[in-house]
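Q: A single structure is presented below for examination.
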Amino acid sequence: MVYREIPYPIVRMDVRSPMDVYVKVREDYRLFAAKGALFTAEHCRMFDRTALKLFVTARDHESADKLLESFLLDTLTDPQLNTKAKAEIIYSSSMDSIRKVFETTNIKTITELERLSGSMTRLILSDSRVMDDLISVTSHDHYTYQHSVKVGIYGTALSFSLFKDKIHEHNMAELSTAFFLHDIGMAKVPEKILDKRDPLTVSEWDILKRHPIWGHEKLVKANYLSDEANAIVLYHHERCDRNGYPFRKSGDEIPLYAKICAVADTFESLTSARPFRQSKTPFEALKIMQSEMAHEFDLDIFTAFIKLLGPS
Ligand SMILES: [Fe+2]
Ligand SMILES: [Fe+2]
């Protein structure tokens, strides 16, 4: 029997289990709650105390996706649940969704990501405190997925701060999806380059720098051609001072959404630990961006980002 982990917690008091749910005990899978069973205080205690991971069987994969999606919707609109818990659910389900897109880039996986981005942006619109909680959520999973999700969150939050009451002039679900997808071309970069501890050689850099074009090709192949994804995937490494890549565009030649992504992307890279360098604190990262890189960014966007992360 093939088991698959459920990407986010579904155990909540007095909620019925949407399917047979298993836990892994050493190498065995044991039934934790049968389909339709009420989660009890005992279930919740076990789940919270032991950080249990839950699994479904292969037989339930398809229906699990549908059930989890409606569960996600119910959860995110549940007034009883605090914004921190909602942010954690969005984060872990985004990690699961972006992993699927990297493994198989097609319209089905991207549409799933888009639905999730839609839920996230609706959630932020209904309660702006979610934005702070989303920004503070962390995890220790695969770096590229984690990076994609965090840039997705920072980019979305920054767009909300920047556009303010003009937010409805933008398609936030598509824009948010595009931030999540910005590095999809990295799926084509060999792991040995991504994980290299020593500085990259010139030819390795040349390969890495192709990821915007590879990302664009992937989206064309997947038949996913939103203007937002097009702009962000292709141009997120262009810089206002013409020192970016792959087209060395400058200032007004760079689409606005790509400039937003550039700020979110740079901040996320600086604040994440990589095999070859330590992470900076958010304060250190902003200082470096201000003193050494300010000419690379759009000043209004960078200022909005500083305000977003500063004390409220
Ligand atoms: Fe990138
Ligand atoms: Fe990136």
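Ligands are numbered from 1 in the order shown, residues from 1 within each chain, and chains are lettered A, B, ... in the order they appear in the structure tokens.
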Per DSSP on the backbone, filter region 114-286 of chain A down to the residues in helix (DSSP H, G or I) and report them as a ChimeraX atom specification.
A: /A:114-126,129-136,143-169,172-181,184-188,191-194,202-208,211-221,227-235,251-253,256-271,282-286
Q: Write out as a list in words the residues lying within 9 Å of Gly118 (chain A), counting only C-alpha atoms and excluding same-chain residues fewer than 3 positions away.
A: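 Listed by chain and then number, they are Leu113, Glu114, Arg115, Thr121, Arg122, Leu123, Met172, Ala173, Glu174, Ser176 and Thr177 of chain A.
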Q: Could you list the protein, DNA and RNA residues that have any atom within 8 Å of ligand 1, counting only C-alpha atoms and all ligand atoms, and write them as a list of chain:residue names?
A: A:His182, A:Asp183, A:Gly185, A:Met186, A:His211, A:Pro212, A:Val233, A:His236, A:His237, A:Asp265
Q: Can you write out the residues you just picked, keeping C-alpha atoms, as an mmCIF file, in the first residue's frame?
A:
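The file below, out-v1.cif, is the result:
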```
data_model
loop_
_atom_site.group_PDB
_atom_site.id
_atom_site.type_symbol
_atom_site.label_atom_id
_atom_site.label_comp_id
_atom_site.auth_asym_id
_atom_site.auth_seq_id
_atom_site.Cartn_x
_atom_site.Cartn_y
_atom_site.Cartn_z
ATOM 1 C CA HIS A 182 9.069 33.019 -10.136
ATOM 2 C CA ASP A 183 11.876 30.418 -9.904
ATOM 3 C CA GLY A 185 12.955 27.475 -14.134
ATOM 4 C CA MET A 186 15.256 26.344 -11.300
ATOM 5 C CA HIS A 211 16.501 29.900 -15.192
ATOM 6 C CA PRO A 212 14.233 32.866 -16.106
ATOM 7 C CA VAL A 233 9.306 34.649 -14.363
ATOM 8 C CA HIS A 236 12.698 39.044 -11.841
ATOM 9 C CA HIS A 237 16.509 39.196 -12.111
ATOM 10 C CA ASP A 265 13.443 37.673 -3.827
#
```
Q: Which residues are near ligand 2 - at most 12 Å, using only C-alpha atoms and all ligand atoms? Format: as a ChimeraX atom specification.
A: /A:143-152,154-155,178-187,194,208-209,211-212,215,232-237,258,260-270,272
Q: Measuring between only C-alpha atoms, which one of A:Lys259, A:Lys196, A:Ile213, A:Ala231 shows the shortest distance to Pro275 (chain A)?
A: A:Lys196
Q: Skip Val220 (chain A) itself and residues of its chain fewer than 5 positions away, then list as a VMD selection string all residues within 10 Å of it, counting only C-alpha atoms.
A: chain A and resid 106 214 to 215 225 to 226 230
Q: Which of these residues is nearest to Phe39 (chain A), using only C-alpha atoms: A:Ile110, A:Val189, A:Ala85, A:Met19?
A: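 Among the listed residues, the smallest separation from Phe39 (chain A) belongs to A:Met19.
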Q: Calculated over only C-alpha atoms, which of the candidates A:Ile167, A:Asp48, A:His142, A:Asp241 has the smallest distance to Glu191 (chain A)?
A: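 Once distances to Glu191 (chain A) are computed over only C-alpha atoms, the minimum belongs to A:His142.
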Q: Please identify all polymer residues within 6 Å of region 33-38 of chain A, counting only C-alpha atoms, omitting same-chain residues fewer than 6 positions from it, and present them as a PyMOL selection string.
A: chain A and resi 14-21
Q: Restricting the calculation to only C-alpha atoms, which member of A:Arg45, A:Leu256, A:Asp65, A:Ile10 is positioned closest to Phe163 (chain A)?
A: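 Closest to Phe163 (chain A), using only C-alpha atoms: A:Leu256.
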Q: Quick one: DSSP strand (DSSP E or B) residues in region 9-151 of chain A, as a VMD selection string?
A: chain A and resid 16 21 to 25 28 to 33 38 54 to 57
Q: Determine the nearest neighbour of Met46 (chain A) from the options A:Asp127, A:Ser119, A:Leu73, A:Arg12, counting only C-alpha atoms.
A: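 Looking only at the distances to Met46 (chain A), the closest residue turns out to be A:Arg12.
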Q: Ranking A:Ser63, A:Ser136, A:Thr156, A:Ser92 by minimum distance to Met120 (chain A) and counting only C-alpha atoms, which one comes first?
A: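 Selected residue with least distance to Met120 (chain A): A:Thr156.
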Q: Quote the spacing between CA of Asn171 (chain A) and CA of Glu228 (chain A) in Å to one decimal place.
A: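 One can read the CA of Asn171 (chain A) to CA of Glu228 (chain A) distance as 8.5 Å.
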Q: Extract, using only C-alpha atoms, all DNA, RNA and protein residues at most 9 Å from Phe302 (chain A), discarding same-chain residues fewer than 3 positions from it, and format them as a list of chain:residue names.
A: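 My list of contacting residues is A:Ile260, A:Val263, A:Met289, A:Gln290, A:Ala294, A:Phe297, A:Asp298, A:Leu299, A:Phe305, A:Ile306, A:Lys307.
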Q: Contacts of Ala64 (chain A) at 10 Å or less, counting only C-alpha atoms, minus same-chain residues fewer than 4 places along, as a ChimeraX atom specification?
A: /A:4,6,18-20,56-60,68-71
Q: Could you please determine the separation between CA of Glu204 (chain A) and CA of Lys280 (chain A) in Å, to one decimal place?
A: 24.7 Å
